[in-house]
Structure formats: structure tokens, C-alpha cells
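Shown next: protein-v1.txt, given as compact mmCIF, C-alpha atoms.
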# COMPACT_ATOMS: atom_id res chain seq x y z
CA MET A 298 0.99 7.76 35.78
CA ALA A 299 3.96 8.24 33.46
CA ALA A 300 6.09 9.71 36.22
CA ASP A 301 5.52 6.73 38.50
CA SER A 302 6.52 4.21 35.86
CA LEU A 303 9.51 6.25 34.69
CA ASP A 304 10.88 6.23 38.24
CA ALA A 305 11.94 2.62 37.62
CA PHE A 306 14.59 3.84 35.15
CA GLY A 307 17.88 5.56 35.89
CA ASN A 308 18.50 3.68 39.15
CA ASP A 309 20.63 0.79 37.83
CA VAL A 310 24.25 0.34 38.91
CA TRP A 311 26.91 0.89 36.26
CA TRP A 312 27.61 -2.77 35.54
CA VAL A 313 23.92 -3.53 34.95
CA ILE A 314 23.73 -0.68 32.40
CA GLY A 315 26.90 -1.92 30.70
CA LEU A 316 25.68 -5.52 30.59
CA LYS A 317 22.30 -4.47 29.18
CA THR A 318 24.02 -2.43 26.47
CA LEU A 319 26.31 -5.33 25.58
CA LEU A 320 23.41 -7.79 25.44
CA ILE A 321 21.40 -5.51 23.13
CA PHE A 322 24.41 -5.22 20.80
CA VAL A 323 25.03 -8.97 20.74
CA VAL A 324 21.35 -9.81 20.26
CA LEU A 325 21.04 -7.38 17.32
CA VAL A 326 24.13 -8.77 15.59
CA LEU A 327 22.98 -12.37 16.06
CA LEU A 328 19.45 -11.41 14.98
CA THR A 329 20.89 -9.88 11.79
CA LEU A 330 22.84 -13.05 10.98
CA PHE A 331 19.71 -15.13 11.56
CA ASN A 332 17.44 -12.82 9.54
CA ILE A 333 19.77 -12.94 6.53
CA TRP A 334 19.79 -16.74 6.66
CA TRP A 335 16.02 -16.87 7.21
CA GLU A 336 15.33 -14.53 4.31
CA ARG A 337 17.43 -16.62 1.94
CA ARG A 338 15.73 -19.82 3.06
CA VAL A 339 12.19 -18.43 2.87
CA VAL A 340 12.68 -16.81 -0.53
CA ALA A 341 14.30 -20.01 -1.77
CA ARG A 342 11.23 -22.01 -0.72
CA MET A 343 8.97 -19.48 -2.43
CA GLN A 344 11.00 -19.95 -5.62
CA HIS A 345 11.20 -23.77 -5.29
CA ARG A 346 14.91 -23.72 -4.45
CA ILE A 347 16.83 -25.09 -1.48
CA GLY A 348 18.72 -22.06 -0.20
CA PRO A 349 21.81 -22.15 2.05
CA ASN A 350 22.19 -25.63 3.56
CA VAL A 351 25.93 -26.42 3.62
CA ASN A 352 27.74 -24.19 6.13
CA GLY A 353 26.68 -25.36 9.58
CA PRO A 354 23.45 -27.14 10.55
CA PHE A 355 20.72 -26.15 8.06
CA GLY A 356 23.17 -23.60 6.61
CA LEU A 357 22.95 -21.38 9.72
CA LEU A 358 26.61 -20.34 9.43
CA GLN A 359 26.22 -19.10 5.85
CA SER A 360 25.63 -15.49 7.00
CA LEU A 361 28.75 -15.63 9.18
CA ALA A 362 30.77 -16.95 6.23
CA ASP A 363 29.47 -14.11 4.04
CA GLY A 364 30.46 -11.60 6.69
CA VAL A 365 34.01 -12.97 6.85
CA LYS A 366 34.16 -12.91 3.04
CA LEU A 367 33.13 -9.23 3.00
CA ALA A 368 35.75 -8.37 5.63
CA LEU A 369 38.51 -9.99 3.55
CA LYS A 370 37.55 -8.28 0.30
CA GLU A 371 39.62 -5.38 -1.04
CA ASP A 372 38.49 -2.00 0.30
CA VAL A 373 38.34 0.47 -2.59
CA THR A 374 37.84 4.24 -2.33
CA PRO A 375 37.09 6.02 -5.64
CA LYS A 376 39.40 8.88 -6.64
CA ALA A 377 36.46 11.28 -7.05
CA ALA A 378 35.04 10.49 -3.58
CA ASP A 379 35.08 12.83 -0.60
CA ARG A 380 37.21 10.50 1.49
CA LEU A 381 36.19 11.62 4.99
CA VAL A 382 32.43 11.63 4.33
CA PHE A 383 32.77 8.42 2.29
CA ILE A 384 34.15 6.66 5.39
CA LEU A 385 31.79 8.28 7.91
CA ALA A 386 28.58 7.61 5.94
CA PRO A 387 28.26 3.85 6.71
CA ILE A 388 29.09 4.55 10.36
CA MET A 389 26.31 7.18 10.47
CA ALA A 390 23.93 4.61 9.03
CA VAL A 391 24.68 1.76 11.43
CA VAL A 392 25.20 3.51 14.80
CA PRO A 393 21.65 5.03 15.03
CA ALA A 394 20.24 1.61 14.19
CA PHE A 395 21.73 0.25 17.43
CA VAL A 396 20.89 3.35 19.51
CA ALA A 397 17.17 3.18 18.64
CA PHE A 398 16.82 -0.08 20.62
CA ALA A 399 17.75 1.72 23.86
CA VAL A 400 14.09 2.58 24.58
CA ILE A 401 12.45 -0.63 23.36
CA PRO A 402 10.90 -2.61 26.27
CA PHE A 403 11.73 -6.33 26.09
CA GLY A 404 9.88 -7.35 29.23
CA PRO A 405 8.75 -6.41 32.75
CA THR A 406 10.89 -5.88 35.83
CA VAL A 407 12.98 -9.02 36.53
CA ASN A 408 15.73 -10.25 38.81
CA PHE A 409 18.86 -9.54 36.74
CA PHE A 410 21.83 -11.16 38.49
CA GLY A 411 20.47 -10.15 41.88
CA GLN A 412 19.32 -6.68 40.79
CA GLU A 413 15.67 -5.75 40.23
CA THR A 414 15.57 -3.95 36.89
CA PRO A 415 13.19 -3.62 33.91
CA LEU A 416 14.11 -5.46 30.72
CA GLN A 417 14.71 -2.14 28.99
CA LEU A 418 17.86 -0.06 28.82
CA THR A 419 16.11 3.26 29.47
CA ASP A 420 12.87 5.16 28.91
CA MET A 421 11.79 8.77 28.62
CA PRO A 422 8.54 10.74 28.27
CA VAL A 423 9.15 11.16 24.51
CA ALA A 424 10.71 7.77 23.78
CA VAL A 425 8.83 7.19 20.50
CA LEU A 426 9.90 10.60 19.18
CA PHE A 427 13.46 9.68 20.17
CA VAL A 428 13.26 6.55 17.98
CA LEU A 429 11.91 8.56 15.01
CA ALA A 430 14.65 11.18 15.41
CA ILE A 431 17.39 8.57 15.61
CA ALA A 432 16.00 6.75 12.55
CA SER A 433 16.12 10.03 10.62
CA ILE A 434 19.82 10.43 11.43
CA GLY A 435 20.44 6.97 9.96
CA ILE A 436 18.97 8.11 6.64
CA TYR A 437 21.64 10.82 6.48
CA GLY A 438 24.23 8.06 6.25
CA ILE A 439 22.60 6.80 3.06
CA VAL A 440 22.25 10.30 1.58
CA LEU A 441 25.84 11.29 2.36
CA GLY A 442 27.13 7.93 1.17
CA GLY A 443 25.54 8.50 -2.22
CA TRP A 444 26.75 12.11 -2.43
CA SER A 445 30.32 11.43 -1.32
CA SER A 446 30.89 8.56 -3.79
CA GLY A 447 31.43 10.89 -6.74
CA SER A 448 29.14 8.75 -8.89
CA THR A 449 25.97 9.87 -10.69
CA TYR A 450 24.14 6.62 -9.89
CA SER A 451 25.06 6.86 -6.21
CA LEU A 452 24.00 10.51 -6.05
CA LEU A 453 20.60 9.70 -7.55
CA GLY A 454 20.17 6.86 -5.07
CA GLY A 455 20.94 9.23 -2.19
CA LEU A 456 18.45 11.82 -3.49
CA ARG A 457 15.78 9.15 -3.82
CA SER A 458 16.44 8.07 -0.26
CA SER A 459 16.02 11.61 1.11
CA ALA A 460 12.72 12.11 -0.75
CA GLN A 461 11.54 8.67 0.36
CA MET A 462 12.42 9.39 3.98
CA ILE A 463 10.54 12.72 3.99
CA SER A 464 7.44 11.25 2.32
CA TYR A 465 6.99 8.10 4.37
CA GLU A 466 8.26 9.38 7.70
CA VAL A 467 5.47 12.00 7.65
CA ALA A 468 2.89 9.23 7.18
CA MET A 469 4.57 7.13 9.88
CA GLY A 470 4.49 9.98 12.39
CA LEU A 471 0.82 10.71 11.66
CA ALA A 472 -0.03 7.02 12.15
CA LEU A 473 1.41 7.19 15.67
CA VAL A 474 -0.68 10.17 16.81
CA ALA A 475 -3.73 7.95 17.42
CA VAL A 476 -1.59 5.67 19.61
CA PHE A 477 -0.46 8.65 21.69
CA LEU A 478 -4.07 9.79 22.12
CA TYR A 479 -5.21 6.39 23.41
CA ALA A 480 -2.16 5.65 25.55
CA GLY A 481 -1.92 9.16 26.98
CA SER A 482 1.86 8.99 26.77
CA MET A 483 4.81 8.80 24.36
CA SER A 484 6.78 6.57 26.70
CA THR A 485 7.24 3.07 25.26
CA SER A 486 6.76 1.34 28.62
CA GLU A 487 3.54 3.32 29.23
CA ILE A 488 2.21 2.45 25.77
CA VAL A 489 2.83 -1.25 26.43
CA ALA A 490 1.09 -0.97 29.82
CA ALA A 491 -1.92 0.68 28.15
CA GLN A 492 -2.37 -2.41 25.95
CA ASP A 493 -2.75 -4.83 28.83
CA ASP A 494 -6.35 -5.70 27.86
CA LEU A 495 -6.72 -4.76 24.18
CA TRP A 496 -4.01 -4.17 21.58
CA PHE A 497 -3.98 -0.89 19.68
CA GLY A 498 -3.50 -2.83 16.45
CA LEU A 499 -7.11 -4.00 16.80
CA ILE A 500 -8.86 -0.79 17.83
CA LEU A 501 -6.64 1.46 15.68
CA ALA A 502 -6.46 -0.74 12.58
CA PRO A 503 -5.99 2.11 10.02
CA SER A 504 -3.04 3.47 12.02
CA PHE A 505 -1.58 -0.03 12.11
CA VAL A 506 -1.93 -0.49 8.34
CA ILE A 507 -0.47 2.96 7.57
CA TYR A 508 2.47 2.31 9.89
CA CYS A 509 3.18 -1.09 8.33
CA ILE A 510 3.25 0.41 4.83
CA ALA A 511 5.38 3.37 5.95
CA MET A 512 7.88 1.18 7.78
CA VAL A 513 8.58 -0.78 4.58
CA GLY A 514 9.21 2.48 2.72
CA GLU A 515 11.32 3.84 5.58
CA THR A 516 13.67 0.84 5.56
CA ASN A 517 14.18 0.80 1.76
CA ARG A 518 12.85 -2.73 1.47
CA ALA A 519 11.09 -4.29 -1.53
CA PRO A 520 8.80 -3.24 -3.15
CA PHE A 521 10.01 0.20 -1.98
CA ASP A 522 13.77 -0.41 -2.41
CA LEU A 523 14.11 2.39 -4.96
CA PRO A 524 17.30 4.05 -3.59
CA GLU A 525 19.19 0.86 -4.58
CA ALA A 526 17.21 -0.16 -7.69
CA GLU A 527 19.64 -2.18 -9.80
CA GLY A 528 17.43 -1.81 -12.88
CA GLU A 529 18.30 1.86 -13.38
CA LEU A 530 20.79 2.84 -10.63
CA VAL A 531 23.09 -0.21 -10.47
CA GLY A 532 23.51 -0.53 -6.69
CA GLY A 533 22.21 2.94 -5.91
CA PHE A 534 23.76 4.77 -2.98
CA HIS A 535 26.24 1.95 -2.18
CA THR A 536 27.44 1.28 -5.74
CA GLU A 537 31.00 2.43 -4.95
CA TYR A 538 31.24 0.71 -1.55
CA SER A 539 33.02 -2.58 -0.85
CA SER A 540 34.39 -4.67 1.98
CA LEU A 541 33.51 -3.64 5.56
CA LYS A 542 31.92 -0.32 4.59
CA PHE A 543 29.42 -2.14 2.40
CA ALA A 544 28.88 -4.66 5.22
CA LEU A 545 27.98 -1.77 7.55
CA PHE A 546 25.25 -0.58 5.15
CA PHE A 547 24.01 -4.16 4.94
CA LEU A 548 24.01 -4.45 8.74
CA ALA A 549 22.17 -1.12 9.11
CA GLU A 550 19.40 -2.24 6.75
CA TYR A 551 18.68 -5.43 8.68
CA ILE A 552 18.90 -3.78 12.11
CA ASN A 553 16.53 -1.04 10.93
CA MET A 554 14.18 -3.78 9.80
CA ALA A 555 14.30 -5.22 13.34
CA THR A 556 13.90 -1.72 14.85
CA VAL A 557 10.68 -0.84 13.00
CA SER A 558 9.38 -4.35 13.71
CA ALA A 559 10.10 -3.93 17.43
CA LEU A 560 8.42 -0.50 17.39
CA ALA A 561 5.35 -1.96 15.65
CA THR A 562 5.25 -4.70 18.28
CA THR A 563 5.51 -2.15 21.09
CA LEU A 564 2.94 0.31 19.74
CA PHE A 565 0.33 -1.98 18.17
CA LEU A 566 0.71 -5.60 19.32
CA GLY A 567 0.98 -5.20 23.07
CA GLY A 568 4.78 -5.28 23.28
CA TRP A 569 6.00 -8.10 25.49
CA HIS A 570 2.49 -9.10 26.65
CA ALA A 571 1.49 -12.68 25.85
CA PRO A 572 -0.53 -13.04 22.62
CA PHE A 573 -4.01 -14.55 22.30
CA TRP A 574 -4.72 -13.72 25.97
CA ILE A 575 -2.57 -16.65 27.14
CA ASP A 576 -2.13 -14.83 30.46
CA HIS A 577 -5.84 -15.44 31.25
CA VAL A 578 -5.11 -19.17 31.20
CA TRP A 579 -1.52 -19.14 32.47
CA ALA A 580 -0.98 -16.54 35.20
CA GLY A 581 2.82 -16.52 34.84
CA ALA A 582 2.86 -15.82 31.09
CA ASN A 583 3.76 -12.14 31.62
CA GLU A 584 6.23 -12.66 34.45
CA GLY A 585 9.95 -13.30 34.56
CA TYR A 586 11.77 -13.87 31.28
CA TRP A 587 8.84 -15.46 29.40
CA PRO A 588 7.83 -12.10 27.85
CA LEU A 589 11.10 -12.19 25.87
CA LEU A 590 9.65 -15.13 23.94
CA TRP A 591 6.42 -13.26 23.12
CA PHE A 592 8.29 -10.10 22.15
CA PHE A 593 10.74 -11.73 19.75
CA GLY A 594 7.99 -13.95 18.35
CA LYS A 595 6.03 -10.83 17.33
CA VAL A 596 9.17 -9.18 15.94
CA MET A 597 9.92 -12.24 13.80
CA PHE A 598 6.35 -12.13 12.50
CA PHE A 599 6.99 -8.66 11.09
CA VAL A 600 10.38 -9.74 9.72
CA PHE A 601 8.61 -12.58 7.91
CA ILE A 602 6.21 -10.02 6.38
CA PHE A 603 9.26 -8.10 5.08
CA ILE A 604 10.62 -11.29 3.52
CA TRP A 605 7.23 -12.25 2.10
CA LEU A 606 6.88 -8.87 0.39
CA ARG A 607 10.36 -9.17 -1.11
CA GLY A 608 9.63 -12.62 -2.48
CA THR A 609 6.24 -11.77 -4.02
CA LEU A 610 5.91 -8.12 -5.09
CA PRO A 611 7.73 -6.36 -7.95
CA ARG A 612 9.37 -2.99 -7.43
CA LEU A 613 7.14 0.07 -7.92
CA ARG A 614 7.84 2.88 -10.35
CA TYR A 615 9.23 5.87 -8.49
CA ASP A 616 6.34 8.18 -9.47
CA GLN A 617 3.81 5.57 -8.28
CA PHE A 618 5.69 5.22 -5.02
CA MET A 619 5.78 8.96 -4.29
CA ALA A 620 2.16 9.50 -5.39
CA PHE A 621 1.00 6.71 -3.07
CA GLY A 622 2.74 8.34 -0.10
CA TRP A 623 1.51 11.89 -0.68
CA LYS A 624 -1.92 11.24 -2.25
CA ARG A 625 -3.01 8.17 -0.26
CA LEU A 626 -1.17 7.60 3.02
CA ILE A 627 -0.88 11.17 4.31
CA PRO A 628 -4.49 12.32 3.53
CA VAL A 629 -5.97 9.13 4.99
CA ALA A 630 -3.76 9.48 8.09
CA LEU A 631 -4.94 13.07 8.61
CA LEU A 632 -8.60 12.09 8.28
CA TRP A 633 -8.08 9.20 10.69
CA ILE A 634 -6.49 11.50 13.29
CA VAL A 635 -9.54 13.79 13.17
CA ALA A 636 -11.87 10.79 13.56
CA VAL A 637 -9.89 9.29 16.45
CA SER A 638 -9.66 12.66 18.22
CA THR A 639 -13.42 13.13 17.97
CA ILE A 640 -14.22 9.62 19.17
CA ARG A 641 -11.68 9.92 22.00
CA ALA A 642 -13.19 13.21 23.18
CA ILE A 643 -16.71 11.74 23.16
CA SER A 644 -15.50 8.68 25.04
CA LEU A 645 -13.75 10.72 27.75
CA GLU A 646 -16.69 13.07 28.27
CA GLY A 647 -19.07 10.13 28.61
CA GLY A 648 -22.67 9.82 27.53
CA VAL A 649 -22.02 7.28 24.76
CA ASP A 650 -21.87 3.52 25.14
CA ARG A 651 -18.34 2.20 24.52
CA ARG A 652 -19.70 -0.58 22.27
CA TRP A 653 -21.10 1.96 19.82
CA ILE A 654 -17.78 3.78 19.78
CA LEU A 655 -15.95 0.56 18.90
CA ILE A 656 -18.49 -0.18 16.16
CA GLY A 657 -17.95 3.33 14.76
CA ILE A 658 -14.18 2.81 14.81
CA GLY A 659 -14.62 -0.44 12.89
CA ILE A 660 -16.77 1.21 10.23
CA LEU A 661 -14.29 4.07 9.85
CA ALA A 662 -11.45 1.56 9.57
CA VAL A 663 -13.16 -0.19 6.67
CA VAL A 664 -13.93 3.13 4.94
CA PHE A 665 -10.37 4.40 5.25
CA LEU A 666 -8.90 1.11 4.01
CA VAL A 667 -11.17 1.30 0.94
CA LEU A 668 -9.91 4.83 0.26
CA PHE A 669 -6.46 3.38 -0.44
CA PHE A 670 -7.76 1.94 -3.69
CA VAL A 671 -10.35 4.55 -4.76
CA GLY A 672 -9.46 6.29 -7.98
CA GLU A 673 -7.07 3.67 -9.28
CA GLY A 674 -9.47 2.76 -12.12
CA ASP A 675 -9.81 6.38 -13.23
CA GLN A 676 -6.06 6.80 -13.18
CA GLY A 677 -5.66 3.64 -15.27
CA GLU A 678 -8.11 4.95 -17.87
CA ALA A 679 -6.26 8.27 -17.98
CA ASP A 680 -2.97 6.46 -18.55
CA ALA A 681 -4.52 4.40 -21.35
CA GLU A 682 -5.86 7.54 -23.04
CA ALA A 683 -2.47 9.20 -22.72
CA GLU A 684 -0.80 6.20 -24.37
CA ALA A 685 -3.38 6.22 -27.18
CA ALA A 686 -2.89 9.95 -27.86
CA PRO A 687 -0.33 10.88 -30.54
CA THR A 688 3.03 11.76 -29.02
CA GLY A 689 6.58 12.21 -30.19
CA TYR A 690 7.25 8.52 -29.52
CA PRO A 691 4.53 6.52 -31.34
CA VAL A 692 3.82 2.96 -30.28
CA PRO A 693 4.12 0.46 -33.18
CA PRO A 694 0.76 -1.13 -34.09
CA MET A 695 0.01 -4.74 -33.23
CA PRO A 696 0.26 -7.29 -36.09
CA ALA A 697 -2.92 -7.78 -38.10
CA GLY A 698 -3.51 -11.28 -36.78
CA GLY A 699 -2.78 -10.40 -33.16
CA ALA A 700 0.28 -11.16 -31.10
CA VAL A 701 2.79 -13.47 -32.80
CA ARG A 702 3.18 -16.84 -31.10
CA GLY A 703 6.13 -19.16 -31.42
CA ALA A 704 9.44 -18.35 -33.05
CA ALA A 705 9.91 -15.01 -34.75
CA GLN A 706 10.03 -14.78 -38.54
CA PRO A 707 13.54 -14.95 -40.06
CA LEU A 708 15.12 -11.56 -40.76
CA ALA A 709 16.04 -10.72 -44.36
CA PHE A 710 19.09 -8.55 -44.98
CA ARG A 711 19.42 -7.05 -48.49
CA THR A 712 22.94 -6.75 -49.86
CA SER A 713 24.24 -5.39 -53.15
CA SER A 714 24.35 -8.80 -54.83
CA SER A 715 21.67 -10.95 -53.14
CA THR A 716 19.31 -11.31 -50.20
CA VAL A 717 20.68 -13.13 -47.15
CA THR A 718 18.13 -14.74 -44.81
CA GLY A 719 19.00 -14.90 -41.14
CA GLY A 720 17.50 -18.02 -39.58
CA GLU A 721 18.51 -20.29 -36.78
CA GLY A 722 22.18 -21.17 -36.95
With the file now loaded, output its structure as C-alpha cells.
Amino acid sequence: MAADSLDAFGNDVWWVIGLKTLLIFVVLVLLTLFNIWWERRVVARMQHRIGPNVNGPFGLLQSLADGVKLALKEDVTPKAADRLVFILAPIMAVVPAFVAFAVIPFGPTVNFFGQETPLQLTDMPVAVLFVLAIASIGIYGIVLGGWSSGSTYSLLGGLRSSAQMISYEVAMGLALVAVFLYAGSMSTSEIVAAQDDLWFGLILAPSFVIYCIAMVGETNRAPFDLPEAEGELVGGFHTEYSSLKFALFFLAEYINMATVSALATTLFLGGWHAPFWIDHVWAGANEGYWPLLWFFGKVMFFVFIFIWLRGTLPRLRYDQFMAFGWKRLIPVALLWIVAVSTIRAISLEGGVDRRWILIGIGILAVVFLVLFFVGEGDQGEADAEAEAAPTGYPVPPMPAGGAVRGAAQPLAFRTSSSTVTGGEG
């Protein structure tokens, strides 16, 4: 089955390939400009502010103005930096972000300026693994950018990014195994075709949840934006960057956000297929260029989730973040793979009603989601006992009457001649 569908790729004339590549590049750049504006508007509404509304209609040109401002800023290279790696690092971060979209299916086969071609640049039997490999190369740009800056804060940000990538990419890869088992292929176009009737996000809900959590950690977005935590690392890995090199890191972050959103759409939400079974009512919903609307609508849904998380959740402590990845996500993902493999084998061999299998999947999904939060109370009690135990850094006792409300008491400073009271000046 995979071979038949993959025969549709690799037959395009040179100008169709070039035009597809150019369109993907232009769409990603425009999508980045829109996502920056959208994030600022949504977060502003969440915080009861207005947001950008001056440059262009509804402030839509604000992102373009910021890009021009970055380009015109002074480009500074620190004396202690490794100059070659310092320049190459942002390029290594942004180029893989564009390349990953080469295997994302935007729609079915269409008439493209007189040529019959799928709305996808290319495909391969291991397309999903190709996306994961390319995304890993992009992380090297962040790591090398932090190392080459010659700054302690940047180095720590780069080290955090490497540890974060290892931890959450393992969980992300494990979450995709169940998709491969049900689709019978790692080709993105085949996975989309396998979801013609029922999306994998519904029947493989734990995999979907694990992937969504891992993709936030993989893209260094809040509340997992620890490689660039300004509270303790200033700007993190890009502290020493300015002008266009900083803009490239910024561009890579937003394109990666679109990449993982497009991959989630492809693997779990039916790809370019019409949502809510619209195609059962409207026969042409999955034909022509209409699937582009469904695809980008689903992608923007995930982008909104990214923005929503940034506007509502505080940043995690680094130890909490790493413990959640290794002690929660990865064990649950392993258990879920065993369960899905068993259920899939029973289903293929026959002898069991499919309805009971779906009910069993639903029960397992609920159990595995509950496991995310099991043990948190015990850990909280252990932390409270540790704080109560005597240590080298004692905690001052609370005032006898409880917490002080209102203005603090004036401070008294004793001098050699008299006592000076410090009140409000």
C-alpha cells in the first residue's frame, strides 16, 4: 500500500518542485509574522490590554516593523566568542525548521498550473523519522550558540537545551510508536490516508496527550522555556546575540512551533481531511484546494494552545521539568506502547469484537492520564517535611499574630547619640 501511494512522488517537473519549495518558504515566513502578531494580541486580551493596533490594519504590520528594526540594529560579536560557530549557530537553528516541512502533506493531488501533483513537496517511507532527525539538528544550533558565545549564562542555557531535547524527544518518539502500529507506515501521506474514517487523536488519546506535552518542551515554549529563562539566565542561549542573528533564532522558534503543530495535525487530527465529518455532508470537502483550509485551521488551533499556555502558566522549576519528563512521560509512554501492541495484535488476529477493544482503549486512556498526577501529594508532603527539618539555612518563624497585613513597621536604626526612626518620607 505504501509503495503505491509513494509512486505519486518524485515525478514532478523541475519548475513544479521549485515553485512548491518557494511557496513553502513564503508561507512559513508569512505564518511566522502572523503568529507573532496573533500571540501579542491574544496575550494582550488575556491581560486586559489592547496589543499592537497601530501599524497596518489591526496592527498586522507590527511584526514586519519589528523585523526591520532588528535588521537595522547593530550586530555585535563578543570578543570571547568563537566567531565561526557564533555565526553558524543561528543558521543551523533556522534551516532545519524550513526543511522539516518538506514531508508535511497539505492536501490531496490537485491540478497545479496544469500539472497533476500532490500538495506535498515529497514523501518517503520514514518521513516521520526524517522530521524528528531534522528537528534534532535544529537543537544543535541552540546548543552551539550558547557554547560559542563565551558567556556563562549562554553556556548554561545551551546545556539546558541539550538535556531538554534528550528528555522530551524520547517521550515524543515513544508517543508516535502507537501511530505507526495503527497506520502500518511511517509515511506522512499514508498516515493521513489511514485516518480517513477515525482520527488517531481519538483512539490513541494517551499518545496524543504525551505528544502535545513533549512538543511544548521540544520547542522551548512556556512553561518549558527554561533554556532562555530570564529569571536566572538573562536571555539564556541567545543572551549575546543581536540584530539578524537574534532574528534567526526568533524565526526558528516560531517555525518550529508551526512544524510540531503541523506534525500533530498530520499524525493525530487527520491531516488535511475535513473536521467534524463535513465530507459526509459535502462531498467536495476533501477535494481540490479546500483541504488547505482544514489543514491550516488545525495548525492554528495548536498555535493557539501554545499562546494560551504562555499567557496562563508560570515557568516550571528545572528539576520539576526534568522529573516530569523522565518519571511521568516516558514510563507512561512505554506502558501505553505495550497496551496498544497487545490490543493491536488481538484485533488483527480476530476473535474479539472491535467495540470491546475500543472500550478497553478508552479505559486504558483514562488510567494512563490519571497516572500523570499520582504521587504528587506524597511528593508535596516530603517537600514539606524537608523544609521543616533543621538545615543549614533555617527559615525565620512566622510572627506571633500571623502574617503582617498592611504597611510594615518603621525600622529603627541605633546610632551613637540617638535612635533614628525610618518611616515614610
task = Write out as a PyMOL selection string each polymer residue whose atoms come within 8 Å of Leu523 of chain A, counting all atoms listed in the file; drop sequence neighbours fewer than 2 positions from it.
result = chain A and resi 454+457-458+517+520-521+525-526+612-613+615
task = Up to 7 Å from (17.6, -0.3, 25.5) in the file's coordinates: name the residues, counting all atoms listed in the file, as a ChimeraX atom specification.
result = /A:318,321,398-401,417-419
query = Which polymer residues, protein or nucleic acid, are no farther than 8 Å from (23.5, -5.4, 10.8), counting only C-alpha atoms, as a count of residues only?
reply = 14
message = Considering all atoms listed in the file, can you say which of A:Ile431, A:Ala709, A:Leu328, A:Ile439 comes closest to Lys542 of chain A?
response = A:Ile439
task = Work out how far atom CA of Gly404 of chain A is from atom CA of Glu487 of chain A, in Å to one decimal.
result =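 Interatomic distance here is 12.4 Å.
Closest approach to Met597 of chain A among A:Trp335, A:Pro422, A:Asp309, A:Asp493 is made by A:Trp335 (distances from only C-alpha atoms).
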ask   = From the set A:Trp574, A:Phe621, A:Trp444, A:Trp569, which residue has the shortest atom-to-atom contact distance to Lys595 of chain A, counting all atoms listed in the file?
value =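 Between A:Trp574, A:Phe621, A:Trp444, A:Trp569, the residue approaching Lys595 of chain A most closely is A:Trp569.
Counting only C-alpha atoms and comparing A:Gly498, A:Trp633, A:Ala490, A:Thr639, the residue that lies closest to His570 of chain A is A:Ala490.
Between atom CA of Ala642 of chain A and atom CA of Leu560 of chain A the interatomic distance comes to 26.2 Å.
In this structure, atom CA of Thr556 of chain A sits 20.5 Å away from atom CA of Ala502 of chain A.
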ask   = From the set A:Phe322, A:Phe306, A:Phe603, A:Trp496, which residue has the shortest atom-to-atom contact distance to Ala571 of chain A, counting only C-alpha atoms?
value =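 Looking only at the distances to Ala571 of chain A, the closest residue turns out to be A:Trp496.
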For Phe409 of chain A: contacts at 12 Å, all atoms listed in the file, fewer than 6 positions along chain excluded, given as a tab-separated table (two decimals) with C-alpha atoms, keeping the file's coordinate frame:
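Result saved to around-v4.tsv:
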chain	number	residue	atom	x	y	z
A	309	ASP	CA	20.63	0.79	37.83
A	310	VAL	CA	24.25	0.34	38.91
A	312	TRP	CA	27.61	-2.77	35.54
A	313	VAL	CA	23.92	-3.53	34.95
A	314	ILE	CA	23.73	-0.68	32.40
A	316	LEU	CA	25.68	-5.52	30.59
A	317	LYS	CA	22.30	-4.47	29.18
A	415	PRO	CA	13.19	-3.62	33.91
A	416	LEU	CA	14.11	-5.46	30.72
A	417	GLN	CA	14.71	-2.14	28.99
A	585	GLY	CA	9.95	-13.30	34.56
A	586	TYR	CA	11.77	-13.87	31.28
ask   = Which neighbours of segment 368-374 of chain A fall inside 6 Å, counting all atoms listed in the file, when residues of the same chain fewer than 6 positions from it are skipped, and could you give them as number ranges by chain?
value = A: 539-541
task = Would you mind listing what lies within 9 Å of Leu495 of chain A as JSON, numbers by chain, with only C-alpha atoms counted and same-chain residues fewer than 4 positions away left out?
result = {"A": [491, 499, 500, 566, 567]}
query = Residues at most 12 Å from Pro503 of chain A, counting only C-alpha atoms, excluding those fewer than 2 positions away in the same chain, as a PyMOL selection string?
reply = chain A and resi 468-469+471-476+497-501+505-510+565+626-627+629-634+636-637+658-669
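Minimum atom-to-atom distances from A:Leu441, A:Leu530, A:Ala582, A:Val513 to Ile384 of chain A were compared using all atoms listed in the file, and the lowest value belongs to A:Leu441.
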I need segment 556-589 of chain A written out with C-alpha atoms, as a short mmCIF file (atom, residue, chain, number, x, y, z; two decimals), in the first residue's frame; please produce it.
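See part12.cif below for the written result:
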data_model
loop_
_atom_site.label_atom_id
_atom_site.label_comp_id
_atom_site.auth_asym_id
_atom_site.auth_seq_id
_atom_site.Cartn_x
_atom_site.Cartn_y
_atom_site.Cartn_z
CA THR A 556 6.29 22.36 12.44
CA VAL A 557 5.28 20.42 15.56
CA SER A 558 1.72 21.73 15.13
CA ALA A 559 1.63 20.51 11.53
CA LEU A 560 3.05 17.13 12.60
CA ALA A 561 0.40 16.84 15.33
CA THR A 562 -2.27 17.67 12.75
CA THR A 563 -0.89 15.06 10.35
CA LEU A 564 -0.46 12.25 12.90
CA PHE A 565 -3.45 12.75 15.20
CA LEU A 566 -6.10 15.03 13.65
CA GLY A 567 -6.50 13.54 10.20
CA GLY A 568 -4.14 15.91 8.40
CA TRP A 569 -5.90 17.79 5.62
CA HIS A 570 -9.17 15.82 5.97
CA ALA A 571 -12.23 17.93 6.77
CA PRO A 572 -13.06 18.10 10.50
CA PHE A 573 -16.34 17.05 12.12
CA TRP A 574 -17.04 14.68 9.21
CA ILE A 575 -18.05 17.59 6.96
CA ASP A 576 -17.20 15.40 3.96
CA HIS A 577 -20.22 13.18 4.77
CA VAL A 578 -22.45 16.21 4.14
CA TRP A 579 -20.39 17.97 1.48
CA ALA A 580 -18.78 15.53 -0.97
CA GLY A 581 -16.22 18.05 -2.25
CA ALA A 582 -14.82 18.99 1.17
CA ASN A 583 -11.69 16.85 0.67
CA GLU A 584 -11.12 17.72 -2.98
CA GLY A 585 -9.19 20.46 -4.72
CA TYR A 586 -7.67 23.21 -2.60
CA TRP A 587 -10.30 23.14 0.18
CA PRO A 588 -8.16 20.79 2.33
CA LEU A 589 -5.65 23.65 2.71
#
